[in-house]
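Printed here is protein-v2.txt (compact mmCIF, C-alpha atoms and all ligand atoms):
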```txt
# COMPACT_ATOMS: atom_id res chain seq x y z
CA MET P 21 -2.44 32.72 -5.40
CA THR P 22 -5.62 30.72 -4.75
CA LYS P 23 -7.14 30.54 -1.28
CA LYS P 24 -9.61 27.83 -0.34
CA CYS P 25 -11.30 27.48 3.03
CA PHE P 26 -12.72 24.14 4.15
CA CYS P 27 -15.37 25.16 6.67
CA GLY P 28 -17.49 23.41 9.26
CA GLY P 29 -15.87 19.97 9.37
CA GLU P 30 -13.84 17.94 11.82
CA ILE P 31 -10.14 17.65 10.98
CA VAL P 32 -8.06 14.55 11.65
CA VAL P 33 -4.66 15.94 12.64
CA ASN P 34 -1.78 14.97 14.93
CA GLY P 35 -3.54 11.90 16.29
CA ALA P 36 -6.73 13.79 17.15
CA GLN P 37 -10.05 14.75 15.58
CA ILE P 38 -10.87 18.42 16.11
CA ARG P 39 -13.60 20.84 15.05
CA ALA P 40 -11.79 23.48 12.97
CA ASP P 41 -11.53 25.08 9.54
CA LEU P 42 -8.68 24.48 7.16
CA LEU P 43 -7.08 27.11 4.95
CA VAL P 44 -5.34 26.00 1.77
CA ILE P 45 -3.22 28.35 -0.30
CA ASP P 46 -2.40 26.96 -3.74
CA ASP P 47 -1.09 23.42 -3.21
CA LYS P 48 -0.27 23.61 0.52
CA ILE P 49 -2.06 23.57 3.85
CA ALA P 50 -1.69 27.14 5.15
CA ALA P 51 -3.43 27.11 8.53
CA ILE P 52 -5.92 25.42 10.84
CA GLY P 53 -8.26 27.68 12.80
CA ASP P 54 -11.73 29.16 13.08
CA LYS P 55 -11.43 32.85 12.17
CA PHE P 56 -10.40 32.97 8.52
CA ASP P 57 -11.55 35.98 6.49
CA LEU P 58 -13.88 34.19 4.11
CA ASP P 59 -14.29 37.31 1.92
CA LYS P 60 -10.64 36.93 0.93
CA CYS P 61 -11.08 33.28 -0.10
CA ASP P 62 -11.50 32.27 -3.72
CA GLU P 63 -13.53 29.20 -2.74
CA ILE P 64 -15.38 28.07 0.35
CA VAL P 65 -15.89 24.32 0.64
CA ASP P 66 -18.79 23.55 2.97
CA CYS P 67 -17.69 20.55 5.07
CA THR P 68 -20.53 20.67 7.59
CA GLY P 69 -21.02 17.21 9.08
CA CYS P 70 -17.90 15.89 7.34
CA ILE P 71 -14.51 14.57 8.36
CA LEU P 72 -11.31 15.83 6.71
CA MET P 73 -8.54 13.24 6.49
CA PRO P 74 -5.09 13.50 4.93
CA GLY P 75 -5.07 11.75 1.56
CA ALA P 76 -4.30 8.06 2.03
CA ILE P 77 -0.89 6.73 0.97
CA ASP P 78 -0.95 3.22 -0.44
CA ALA P 79 2.64 2.20 0.26
CA HIS P 80 2.42 -1.07 -1.68
CA CYS P 81 0.49 -1.39 -4.93
CA HIS P 82 1.02 -2.66 -8.46
CA ILE P 83 -0.51 -0.46 -11.15
CA GLN P 84 0.20 -1.69 -14.71
CA LEU P 85 2.07 -4.71 -13.42
CA ASP P 86 4.22 -7.02 -15.54
CA THR P 87 5.69 -9.92 -13.55
CA GLY P 88 7.32 -11.54 -16.57
CA ILE P 89 4.63 -14.26 -16.43
CA PHE P 90 1.43 -12.24 -15.96
CA LYS P 91 0.49 -8.67 -16.90
CA THR P 92 -2.35 -6.52 -15.62
CA LEU P 93 -4.14 -4.66 -18.42
CA ASP P 94 -4.75 -1.39 -16.57
CA ASP P 95 -2.62 1.73 -16.94
CA TRP P 96 -1.80 4.68 -14.68
CA TRP P 97 -4.81 6.75 -15.78
CA ILE P 98 -7.12 3.87 -14.82
CA GLY P 99 -5.23 2.84 -11.69
CA SER P 100 -4.74 6.33 -10.32
CA GLY P 101 -8.43 7.04 -10.96
CA GLU P 102 -9.48 4.03 -8.87
CA ALA P 103 -7.09 5.14 -6.15
CA ALA P 104 -8.39 8.72 -6.19
CA ARG P 105 -12.02 7.60 -5.90
CA GLY P 106 -10.97 5.65 -2.83
CA GLY P 107 -9.23 8.63 -1.21
CA VAL P 108 -5.69 7.47 -2.06
CA THR P 109 -3.68 10.50 -3.23
CA THR P 110 -0.18 8.96 -3.18
CA VAL P 111 1.08 5.47 -4.01
CA VAL P 112 4.41 3.75 -3.66
CA ASP P 113 4.51 1.30 -6.58
CA PHE P 114 7.33 -0.92 -7.82
CA VAL P 115 10.11 -0.80 -10.39
CA GLY P 116 10.34 -4.33 -11.81
CA PRO P 117 13.58 -4.78 -13.72
CA GLU P 118 14.02 -7.77 -16.01
CA PRO P 119 16.86 -10.10 -14.99
CA GLY P 120 20.10 -8.29 -15.85
CA GLU P 121 18.38 -4.98 -16.69
CA ASP P 122 20.02 -1.77 -15.50
CA LEU P 123 17.99 -0.45 -12.53
CA ARG P 124 17.99 3.17 -13.76
CA HIS P 125 16.70 1.99 -17.13
CA ALA P 126 13.92 0.06 -15.40
CA LEU P 127 13.02 3.12 -13.29
CA ASP P 128 12.83 5.35 -16.37
CA PHE P 129 10.44 2.87 -18.01
CA ARG P 130 8.11 2.97 -14.98
CA LEU P 131 8.34 6.79 -14.82
CA SER P 132 7.22 6.94 -18.45
CA GLN P 133 4.17 4.80 -17.61
CA SER P 134 3.19 6.75 -14.50
CA GLN P 135 3.21 10.08 -16.39
CA LYS P 136 -0.55 9.54 -16.89
CA SER P 137 -1.22 9.48 -13.15
CA ILE P 138 -3.62 11.91 -11.48
CA ILE P 139 -2.20 11.11 -8.03
CA ASP P 140 1.34 11.48 -6.72
CA TYR P 141 3.66 8.49 -6.71
CA THR P 142 7.07 7.12 -5.99
CA TYR P 143 8.62 3.68 -6.32
CA HIS P 144 10.25 0.83 -4.47
CA MET P 145 13.23 -0.49 -6.45
CA THR P 146 13.25 -4.27 -6.92
CA ALA P 147 16.66 -5.99 -6.77
CA LEU P 148 16.95 -9.46 -8.32
CA ASP P 149 20.60 -10.18 -7.54
CA ALA P 150 23.62 -8.94 -5.57
CA LYS P 151 26.01 -8.45 -8.50
CA PRO P 152 28.46 -5.53 -8.20
CA GLU P 153 26.62 -3.48 -10.85
CA THR P 154 23.31 -3.99 -9.00
CA LEU P 155 24.86 -2.90 -5.69
CA ALA P 156 26.33 0.16 -7.44
CA SER P 157 22.86 1.09 -8.73
CA ILE P 158 21.37 0.56 -5.27
CA ARG P 159 23.83 3.14 -3.93
CA GLN P 160 22.46 5.61 -6.51
CA CYS P 161 18.82 5.16 -5.47
CA PRO P 162 18.75 8.03 -2.93
CA GLN P 163 19.82 10.49 -5.67
CA TRP P 164 17.00 9.18 -7.87
CA GLY P 165 14.38 9.92 -5.20
CA ILE P 166 13.98 6.26 -4.29
CA SER P 167 14.01 5.49 -0.56
CA SER P 168 13.33 1.74 -0.53
CA LEU P 169 14.16 -1.62 -2.07
CA LYS P 170 12.00 -4.71 -2.61
CA LEU P 171 13.43 -8.21 -2.20
CA TYR P 172 11.90 -11.70 -2.32
CA THR P 173 12.68 -14.86 -0.37
CA THR P 174 10.73 -16.97 -2.88
CA TYR P 175 9.70 -17.21 -6.61
CA ARG P 176 12.49 -19.02 -8.42
CA PRO P 177 14.22 -18.44 -10.73
CA ASN P 178 13.88 -14.66 -11.18
CA TYR P 179 12.99 -13.15 -7.81
CA TYR P 180 14.38 -15.57 -5.20
CA LEU P 181 17.44 -14.40 -3.26
CA ASP P 182 19.51 -16.61 -0.97
CA ASP P 183 20.60 -15.36 2.46
CA ALA P 184 24.11 -14.42 1.29
CA SER P 185 22.69 -12.17 -1.45
CA MET P 186 20.10 -10.76 0.97
CA LEU P 187 22.83 -9.84 3.39
CA LYS P 188 24.95 -8.07 0.78
CA ILE P 189 21.95 -6.05 -0.37
CA LEU P 190 20.82 -5.24 3.19
CA GLU P 191 24.31 -3.98 4.06
CA THR P 192 24.48 -1.88 0.89
CA ALA P 193 21.00 -0.48 1.56
CA ALA P 194 21.92 0.39 5.14
CA SER P 195 25.10 2.17 3.99
CA VAL P 196 23.04 4.72 2.00
CA GLY P 197 19.95 4.89 4.25
CA LEU P 198 17.54 2.87 2.11
CA THR P 199 14.71 0.91 3.71
CA THR P 200 14.26 -2.67 2.48
CA LEU P 201 10.81 -4.22 1.97
CA ILE P 202 10.89 -8.03 1.86
CA HIS P 203 8.31 -10.54 0.66
CA CYS P 204 8.72 -13.26 3.29
CA GLU P 205 7.80 -16.88 2.53
CA ASN P 206 10.23 -19.76 3.08
CA ASP P 207 10.84 -21.07 -0.43
CA ALA P 208 11.58 -24.66 0.64
CA ILE P 209 8.34 -24.97 2.63
CA VAL P 210 6.27 -23.45 -0.19
CA SER P 211 7.89 -25.78 -2.75
CA ALA P 212 7.33 -28.88 -0.60
CA GLU P 213 3.70 -28.06 0.25
CA SER P 214 2.86 -27.03 -3.31
CA ALA P 215 4.16 -30.43 -4.51
CA ARG P 216 2.24 -32.26 -1.76
CA HIS P 217 -1.08 -30.64 -2.80
CA SER P 218 -0.43 -30.63 -6.55
CA ASP P 219 -3.26 -33.05 -7.40
CA GLU P 220 -5.87 -30.92 -5.59
CA SER P 221 -7.81 -27.91 -6.87
CA LEU P 222 -5.41 -24.97 -6.78
CA TRP P 223 -8.19 -22.52 -5.85
CA ARG P 224 -9.27 -24.67 -2.89
CA ALA P 225 -5.85 -25.88 -1.70
CA TYR P 226 -3.93 -22.62 -2.14
CA PRO P 227 -3.71 -21.78 1.60
CA ALA P 228 -2.31 -25.26 2.33
CA MET P 229 0.28 -24.88 -0.43
CA ARG P 230 1.81 -21.81 1.24
CA PRO P 231 1.30 -22.31 5.00
CA GLY P 232 1.63 -19.52 7.55
CA ILE P 233 4.78 -20.94 9.10
CA ALA P 234 6.57 -20.30 5.79
CA GLU P 235 5.92 -16.57 6.29
CA VAL P 236 6.77 -16.52 9.99
CA GLU P 237 10.05 -18.38 9.44
CA ALA P 238 11.18 -16.10 6.63
CA ALA P 239 10.13 -12.95 8.50
CA GLU P 240 12.01 -13.99 11.66
CA ARG P 241 15.10 -14.82 9.59
CA MET P 242 14.97 -11.50 7.71
CA ILE P 243 14.57 -9.57 10.97
CA ARG P 244 17.73 -11.30 12.27
CA LEU P 245 19.63 -10.54 9.03
CA ALA P 246 18.54 -6.89 9.26
CA GLU P 247 19.61 -6.84 12.90
CA TYR P 248 23.05 -8.17 11.91
CA ALA P 249 23.37 -5.72 8.97
CA HIS P 250 21.99 -2.72 10.93
CA ALA P 251 19.46 -2.34 8.12
CA ARG P 252 16.00 -0.75 8.16
CA LEU P 253 13.41 -3.36 7.25
CA VAL P 254 9.72 -3.64 6.36
CA ILE P 255 8.01 -7.04 6.35
CA ALA P 256 5.76 -6.93 3.27
CA HIS P 257 2.03 -7.77 3.32
CA ASN P 258 2.10 -9.55 6.65
CA SER P 259 -0.63 -12.21 6.60
CA MET P 260 -0.04 -13.68 10.08
CA ALA P 261 -0.72 -12.20 13.50
CA GLU P 262 2.34 -14.19 14.59
CA THR P 263 4.55 -12.27 12.14
CA ALA P 264 3.44 -9.01 13.80
CA LEU P 265 4.60 -10.48 17.13
CA ALA P 266 8.00 -11.28 15.60
CA VAL P 267 8.25 -7.66 14.42
CA ASP P 268 7.35 -6.48 17.90
CA ARG P 269 10.07 -8.67 19.46
CA GLY P 270 12.59 -7.33 16.93
CA ARG P 271 11.69 -3.72 17.76
CA LYS P 272 12.14 -4.44 21.46
CA ARG P 273 15.69 -5.58 20.71
CA GLY P 274 16.28 -2.29 18.88
CA VAL P 275 15.90 -3.51 15.29
CA GLN P 276 14.42 -0.90 12.92
CA VAL P 277 11.68 -3.16 11.60
CA PHE P 278 8.19 -2.22 10.44
CA ASN P 279 5.33 -4.20 8.93
CA GLU P 280 2.27 -3.77 6.78
CA THR P 281 -0.89 -5.78 6.27
CA THR P 282 -3.79 -5.61 3.83
CA PRO P 283 -7.60 -5.71 4.05
CA GLN P 284 -7.30 -9.20 2.52
CA TYR P 285 -5.72 -10.56 5.70
CA LEU P 286 -7.96 -8.46 7.95
CA TYR P 287 -11.26 -9.72 6.51
CA LEU P 288 -10.86 -12.74 4.20
CA SER P 289 -9.88 -16.24 5.29
CA GLU P 290 -9.08 -19.71 3.97
CA GLN P 291 -12.79 -20.44 4.40
CA ASN P 292 -13.32 -18.29 1.30
CA ASN P 293 -11.09 -20.72 -0.63
CA GLN P 294 -12.83 -23.73 0.85
CA ASN P 295 -16.49 -22.64 0.77
CA SER P 296 -16.98 -19.95 -1.87
CA ALA P 297 -18.72 -20.84 -5.13
CA GLU P 298 -16.07 -18.62 -6.78
CA PRO P 299 -12.77 -19.57 -5.12
CA TRP P 300 -10.78 -17.94 -7.99
CA ARG P 301 -11.50 -14.62 -6.22
CA TYR P 302 -9.16 -15.56 -3.36
CA ILE P 303 -5.79 -16.38 -4.96
CA LEU P 304 -2.96 -14.21 -3.65
CA GLN P 305 0.51 -14.57 -2.09
CA PRO P 306 0.78 -15.03 0.81
CA PRO P 307 -2.58 -16.84 0.84
CA LEU P 308 -5.50 -16.36 3.22
CA ARG P 309 -5.33 -17.71 6.78
CA SER P 310 -7.73 -18.67 9.59
CA PRO P 311 -10.63 -16.47 10.74
CA GLU P 312 -8.95 -16.20 14.20
CA ASN P 313 -5.94 -14.73 12.43
CA ASN P 314 -8.15 -11.94 10.99
CA ALA P 315 -9.03 -10.87 14.52
CA GLY P 316 -5.38 -11.06 15.63
CA LEU P 317 -4.25 -8.79 12.79
CA GLN P 318 -7.12 -6.34 13.34
CA ASN P 319 -6.00 -6.09 16.93
CA ALA P 320 -2.37 -5.58 15.83
CA VAL P 321 -3.50 -2.63 13.65
CA LEU P 322 -5.40 -1.12 16.59
CA ASN P 323 -2.54 -1.48 19.08
CA GLY P 324 0.14 -0.22 16.68
CA THR P 325 2.09 -3.45 16.18
CA VAL P 326 1.17 -3.33 12.49
CA ASP P 327 2.40 0.00 11.11
CA MET P 328 0.66 0.32 7.75
CA VAL P 329 -2.37 -0.99 5.89
CA ILE P 330 -1.67 -1.30 2.16
CA THR P 331 -3.50 -2.84 -0.82
CA ASP P 332 -0.98 -4.97 -2.74
CA HIS P 333 -3.43 -4.00 -5.52
CA CYS P 334 -3.18 -6.01 -8.75
CA ALA P 335 -5.93 -5.36 -11.31
CA TYR P 336 -6.03 -8.85 -12.87
CA THR P 337 -9.46 -9.14 -14.46
CA ARG P 338 -12.11 -11.72 -13.64
CA ASP P 339 -11.34 -13.32 -17.01
CA GLN P 340 -7.59 -13.49 -16.30
CA LYS P 341 -8.18 -15.00 -12.86
CA ILE P 342 -10.47 -17.72 -14.23
CA ASN P 343 -9.01 -18.43 -17.66
CA ALA P 344 -5.31 -17.51 -17.79
CA PRO P 345 -3.67 -20.39 -19.66
CA ASN P 346 -0.51 -20.40 -17.52
CA GLY P 347 -2.26 -20.62 -14.12
CA THR P 348 -4.17 -18.16 -11.92
CA PRO P 349 -2.30 -14.90 -11.36
CA GLY P 350 -1.96 -14.11 -7.64
CA GLY P 351 -3.10 -10.71 -6.41
CA LEU P 352 -6.35 -8.86 -5.75
CA PRO P 353 -7.72 -5.42 -6.65
CA GLY P 354 -8.15 -3.01 -3.73
CA LEU P 355 -7.19 0.62 -4.38
CA GLU P 356 -10.78 1.83 -4.35
CA THR P 357 -11.70 0.02 -1.11
CA LEU P 358 -8.58 0.52 1.07
CA LEU P 359 -9.77 3.48 3.13
CA TRP P 360 -13.34 2.21 3.60
CA LEU P 361 -12.19 -1.21 4.78
CA THR P 362 -9.49 0.14 7.10
CA ALA P 363 -12.07 2.46 8.68
CA ALA P 364 -14.43 -0.52 9.15
CA ILE P 365 -12.10 -2.35 11.56
CA PRO P 366 -14.22 -2.71 14.73
CA GLY P 367 -13.18 -0.10 17.30
CA ILE P 368 -10.89 1.96 15.03
CA SER P 369 -10.95 5.78 15.23
CA TRP P 370 -10.31 8.17 12.33
CA PRO P 371 -6.97 9.27 13.87
CA ASP P 372 -5.99 5.57 13.93
CA VAL P 373 -6.98 5.26 10.27
CA ALA P 374 -4.79 8.28 9.51
CA ARG P 375 -1.92 6.73 11.46
CA VAL P 376 -1.83 3.52 9.38
CA LEU P 377 -2.81 5.04 6.01
CA CYS P 378 -1.07 8.44 6.12
CA ARG P 379 1.35 9.25 8.91
CA ASN P 380 3.27 5.96 9.20
CA PRO P 381 3.79 5.30 5.47
CA ALA P 382 4.91 8.93 4.99
CA LYS P 383 7.44 8.62 7.81
CA ILE P 384 8.68 5.13 6.95
CA TYR P 385 9.28 5.94 3.26
CA GLY P 386 10.56 9.52 3.56
CA LEU P 387 7.50 11.35 2.15
CA TRP P 388 7.25 13.34 5.39
CA PRO P 389 6.85 16.35 5.79
CA ASP P 390 5.09 16.79 2.43
CA LYS P 391 2.62 13.93 2.84
CA GLY P 392 0.84 12.26 5.72
CA GLU P 393 -0.64 15.09 7.83
CA LEU P 394 -3.00 18.07 7.56
CA LEU P 395 -0.54 20.52 9.10
CA PRO P 396 0.68 23.89 7.73
CA GLY P 397 3.38 23.34 5.11
CA PHE P 398 2.20 19.89 4.08
CA ASP P 399 0.73 19.20 0.64
CA ALA P 400 -3.00 19.86 0.54
CA ASP P 401 -3.94 16.21 -0.03
CA ILE P 402 -7.39 16.10 1.57
CA VAL P 403 -10.25 13.61 1.69
CA VAL P 404 -13.65 14.99 2.67
CA LEU P 405 -15.94 12.18 3.82
CA ARG P 406 -19.04 11.37 5.79
CA ASP P 407 -18.76 8.89 8.66
CA GLU P 408 -21.32 6.41 7.29
CA LYS P 409 -21.40 2.63 7.18
CA TYR P 410 -22.57 0.68 4.15
CA ILE P 411 -22.08 -2.62 2.37
CA ILE P 412 -19.67 -2.84 -0.58
CA ASP P 413 -21.47 -3.63 -3.83
CA GLU P 414 -18.93 -4.56 -6.49
CA THR P 415 -21.31 -3.54 -9.29
CA LYS P 416 -21.10 0.06 -8.02
CA LEU P 417 -17.29 0.17 -8.03
CA THR P 418 -15.26 1.33 -11.00
CA THR P 419 -12.78 -1.53 -10.53
CA PHE P 420 -10.96 -2.35 -13.77
CA ALA P 421 -10.66 -5.95 -12.50
CA GLY P 422 -14.44 -6.27 -12.81
CA TYR P 423 -14.91 -7.70 -9.32
CA SER P 424 -14.03 -7.05 -5.70
CA PRO P 425 -13.04 -9.79 -3.23
CA PHE P 426 -14.76 -7.55 -0.64
CA ASN P 427 -18.19 -7.64 -2.28
CA GLY P 428 -20.75 -7.79 0.55
CA HIS P 429 -18.28 -6.61 3.22
CA GLN P 430 -18.88 -3.76 5.64
CA ALA P 431 -17.36 -0.40 4.66
CA ARG P 432 -17.16 2.94 6.47
CA GLY P 433 -16.65 6.43 5.07
CA ARG P 434 -18.54 7.98 2.12
CA ILE P 435 -15.98 9.95 0.16
CA LEU P 436 -17.44 13.22 -1.19
CA ARG P 437 -14.38 15.10 -2.42
CA VAL P 438 -10.69 14.36 -2.86
CA TYR P 439 -7.98 17.00 -3.29
CA ARG P 440 -4.41 16.36 -4.42
CA ARG P 441 -2.04 19.31 -3.77
CA GLY P 442 -5.06 21.59 -3.57
CA GLU P 443 -6.68 20.48 -6.84
CA GLU P 444 -10.05 18.76 -6.55
CA ILE P 445 -9.52 15.46 -8.37
CA VAL P 446 -12.74 13.65 -7.31
CA HIS P 447 -16.19 15.17 -6.73
CA ASP P 448 -19.04 12.81 -5.78
CA GLY P 449 -17.29 9.85 -7.40
CA GLN P 450 -16.49 11.73 -10.63
CA ILE P 451 -12.88 12.24 -11.69
CA LYS P 452 -12.22 15.97 -12.19
CA SER P 453 -8.54 15.90 -13.12
CA GLN P 454 -6.59 15.41 -16.32
CA PRO P 455 -4.08 12.60 -17.02
CA GLY P 456 -0.63 13.69 -15.88
CA SER P 457 -1.68 16.01 -13.05
CA GLY P 458 0.02 13.70 -10.53
CA ARG P 459 3.76 13.83 -10.10
CA PHE P 460 6.76 11.90 -8.87
CA VAL P 461 7.54 12.46 -5.19
CA HIS P 462 11.24 12.53 -4.37
CA ALA P 463 11.39 10.22 -1.34
CA ARG P 464 14.06 10.92 1.27
CA VAL P 465 16.24 8.26 2.83
CA ALA P 466 16.57 7.65 6.56
CA LEU P 467 20.09 8.86 7.25
ZN ZN P 501 3.08 -6.77 -3.81
```

As structure tokens:
Amino acid sequence: MTKKCFCGGEIVVNGAQIRADLLVIDDKIAAIGDKFDLDKCDEIVDCTGCILMPGAIDAHCHIQLDTGIFKTLDDWWIGSGEAARGGVTTVVDFVGPEPGEDLRHALDFRLSQSQKSIIDYTYHMTALDAKPETLASIRQCPQWGISSLKLYTTYRPNYYLDDASMLKILETAASVGLTTLIHCENDAIVSAESARHSDESLWRAYPAMRPGIAEVEAAERMIRLAEYAHARLVIAHNSMAETALAVDRGRKRGVQVFNETTPQYLYLSEQNNQNSAEPWRYILQPPLRSPENNAGLQNAVLNGTVDMVITDHCAYTRDQKINAPNGTPGGLPGLETLLWLTAAIPGISWPDVARVLCRNPAKIYGLWPDKGELLPGFDADIVVLRDEKYIIDETKLTTFAGYSPFNGHQARGRILRVYRRGEEIVHDGQIKSQPGSGRFVHARVAL
């Protein structure tokens, strides 16, 4: 038995920030208090002047991604290291079956890749069709420790699902308690606008090719389908303040619908595509929107309409973004900067940061009560940080992508130490852990 006491800091717990010490026994939080017998502790971690947060959960990222068209060149040792340096101790990544591939087979392949991880992980299962064998596999997901599905309203021919297929999958998911995460962009609008702007520079015209109304339409339609199917829904990487309002309206009707956004949509805008000397940095789906929309989404995070902030991390390199022969892969790196950028939202408190990065993702995806809080019995996933502001310098990051779209942006929170299940995995920016120390988290379904 190993006892560690984290002394002298302020702890972010249960929606508050309190002055207290934290006792960890082995891999679990044992107690919060101020009178621990330090002589009986194996290690005393001096946290004077620091804040202790639960480890962040990135509920939507793509480490070692293969879309069938593009591949990122990172692996789980690299990706989990970037995450750990940024205070992310758990990720929910994606199983990406090939068309026709057995879902269990596809999951086993991803589990073999993530064996190198130093942080904990689970997966969303992607469904590409509503064939009987796919629906049968979906019913198995809860036994496999998978609590959520990922569906797409766009990207023909492999990912796109029509409404009839969506409905079948939503009903099947609901019957076994799975939550369904949907990428929402109206495929017809995106196709029409992409054709209309096809003779313009892709990097400049990208926002016009995939307009915001395409997202809002698809999100509203999916919320109605989920309402009809009594399914539990998450709108993926919400880029529009208006989509958050649609989620809010759905919730008021009693629909179990949640939504997530990313630092991309909180801080970057279509002006980056239009005015930057390096517009290749800003290609992602959905694309960037207006600066007013940034403020609307920041406000939606503060007032709780947006439930989670996630990265949608894809480690495409600078060279891939600029030179890929088959077009510019969409997706931006962000695992290392998620916590700092979320904490930099004007007016946000540390308990609010913990709500959108820890508590809500843990509850929505069934990682609670192991992850998401610093309460007795929870995993000792702890970030020790100083409440400092600074400017992100991409040359000081370890990003595998070789750049950050947030270079020059305001950040908050200097991460000193990161613990995953009681093991110190980052100390002053240095990785302390060995490949494979992270493990699969068996997510629970909402039944
Ligand atoms: Zn994604």

Name the closest residue to P:Asp390 among the candidates P:Lys416, P:Ala320, P:Ala238, P:Arg440; distances are taken between atoms, counting only C-alpha atoms. P:Arg440

What separation in Å, quoted to one decimal, exists between atom CA of P:Gly458 and atom CA of P:Ile445?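 Separation of atom CA of P:Gly458 and atom CA of P:Ile445: 9.9 Å.
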
Using only C-alpha atoms and all ligand atoms, which residues have at least one atom no more than 9 Å from ligand ZN 501 (chain P)? Output them as a short mmCIF file (atom, residue, chain, number, x, y, z; two decimals) with C-alpha atoms, keeping the file's coordinate frame.
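The resulting file, selection_9.cif, is reproduced below:
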```cif
data_model
loop_
_atom_site.label_atom_id
_atom_site.label_comp_id
_atom_site.auth_asym_id
_atom_site.auth_seq_id
_atom_site.Cartn_x
_atom_site.Cartn_y
_atom_site.Cartn_z
CA HIS P 80 2.42 -1.07 -1.68
CA CYS P 81 0.49 -1.39 -4.93
CA HIS P 82 1.02 -2.66 -8.46
CA ASP P 113 4.51 1.30 -6.58
CA PHE P 114 7.33 -0.92 -7.82
CA HIS P 203 8.31 -10.54 0.66
CA ALA P 256 5.76 -6.93 3.27
CA HIS P 257 2.03 -7.77 3.32
CA GLN P 305 0.51 -14.57 -2.09
CA THR P 331 -3.50 -2.84 -0.82
CA ASP P 332 -0.98 -4.97 -2.74
CA HIS P 333 -3.43 -4.00 -5.52
CA CYS P 334 -3.18 -6.01 -8.75
CA GLY P 351 -3.10 -10.71 -6.41
#
```

Give the answer as one residue: which of P:Arg176, P:Lys23, P:Lys170, P:Arg224 has the shortest atom-to-atom distance to P:Asp207, using all atoms listed in the file?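 Once distances to P:Asp207 are computed over all atoms listed in the file, the minimum belongs to P:Arg176.
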
Pick out the closest residue to P:Arg230 from this set: P:Ile330, P:Met242, P:Ala212, P:Cys27. Count all atoms listed in the file.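 Comparing P:Ile330, P:Met242, P:Ala212, P:Cys27 against P:Arg230, the winner is P:Ala212.
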
Between P:Leu395, P:Ala156, P:Ala463, P:Ile77, which residue has the minimum interatomic distance to P:Gly53, considering all atoms listed in the file?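 Of P:Leu395, P:Ala156, P:Ala463, P:Ile77, the one nearest P:Gly53 is P:Leu395, counting all atoms listed in the file.
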
Restricting the calculation to all atoms listed in the file, which member of P:Asn279, P:Ser214, P:Thr419, P:Ser259 is positioned closest to P:Ile202?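 Under the stated criterion, the closest residue is P:Asn279.
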
For P:Asp413: contacts at 9 Å, only C-alpha atoms, fewer than 6 positions along chain excluded, given as a list in words: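 These residues fall inside the cut-off: Ser424, Phe426, Asn427, Gly428 and His429 of chain P.
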
Separation of atom CA of P:Pro74 and atom CA of P:Val275, in Å?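 Distance reported for this atom pair: 28.9 Å.
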
One number please: atom CA of P:Lys24 to atom CA of P:Ile64, in Å, one decimal. 5.8 Å

Within 12 Å of (-24.8, 18.8, 4.3), all atoms listed in the file: residues as a list in words?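 Checked against the point, the hits come out as Cys27, Gly28, Gly29, Val65, Asp66, Cys67, Thr68, Gly69, Cys70, Ile71, Val404, Leu405, Arg406 and Leu436 of chain P.
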
Residues just named, written with C-alpha atoms as a short mmCIF file (atom, residue, chain, number, x, y, z; two decimals), keeping the file's coordinate frame:
```cif
data_model
loop_
_atom_site.label_atom_id
_atom_site.label_comp_id
_atom_site.auth_asym_id
_atom_site.auth_seq_id
_atom_site.Cartn_x
_atom_site.Cartn_y
_atom_site.Cartn_z
CA CYS P 27 -15.37 25.16 6.67
CA GLY P 28 -17.49 23.41 9.26
CA GLY P 29 -15.87 19.97 9.37
CA VAL P 65 -15.89 24.32 0.64
CA ASP P 66 -18.79 23.55 2.97
CA CYS P 67 -17.69 20.55 5.07
CA THR P 68 -20.53 20.67 7.59
CA GLY P 69 -21.02 17.21 9.08
CA CYS P 70 -17.90 15.89 7.34
CA ILE P 71 -14.51 14.57 8.36
CA VAL P 404 -13.65 14.99 2.67
CA LEU P 405 -15.94 12.18 3.82
CA ARG P 406 -19.04 11.37 5.79
CA LEU P 436 -17.44 13.22 -1.19
#
```

Please determine, counting all atoms listed in the file, which residue among P:Arg241, P:Arg338, P:His125, P:Arg434 has the shortest atom-to-atom distance to P:Trp164.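 Of P:Arg241, P:Arg338, P:His125, P:Arg434, the one nearest P:Trp164 is P:His125, counting all atoms listed in the file.
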
Generate the missing atoms of stretch 311-316 of chain P up to N, CA and C atoms and report them as a compact mmCIF listing (two decimals), keeping the file's coordinate frame.
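In the end it all went to part_2.txt:
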```
# COMPACT_ATOMS: atom_id res chain seq x y z
N PRO P 311 -9.84 -17.61 10.27
CA PRO P 311 -10.63 -16.47 10.74
C PRO P 311 -10.09 -15.89 12.05
N GLU P 312 -9.52 -16.72 12.94
CA GLU P 312 -8.95 -16.20 14.20
C GLU P 312 -7.79 -15.25 13.90
N ASN P 313 -7.06 -15.57 12.82
CA ASN P 313 -5.94 -14.73 12.43
C ASN P 313 -6.40 -13.33 12.00
N ASN P 314 -7.59 -13.25 11.36
CA ASN P 314 -8.15 -11.94 10.99
C ASN P 314 -8.26 -11.06 12.24
N ALA P 315 -8.82 -11.64 13.29
CA ALA P 315 -9.03 -10.87 14.52
C ALA P 315 -7.69 -10.46 15.13
N GLY P 316 -6.70 -11.37 15.08
CA GLY P 316 -5.38 -11.06 15.63
C GLY P 316 -4.73 -9.90 14.89
```
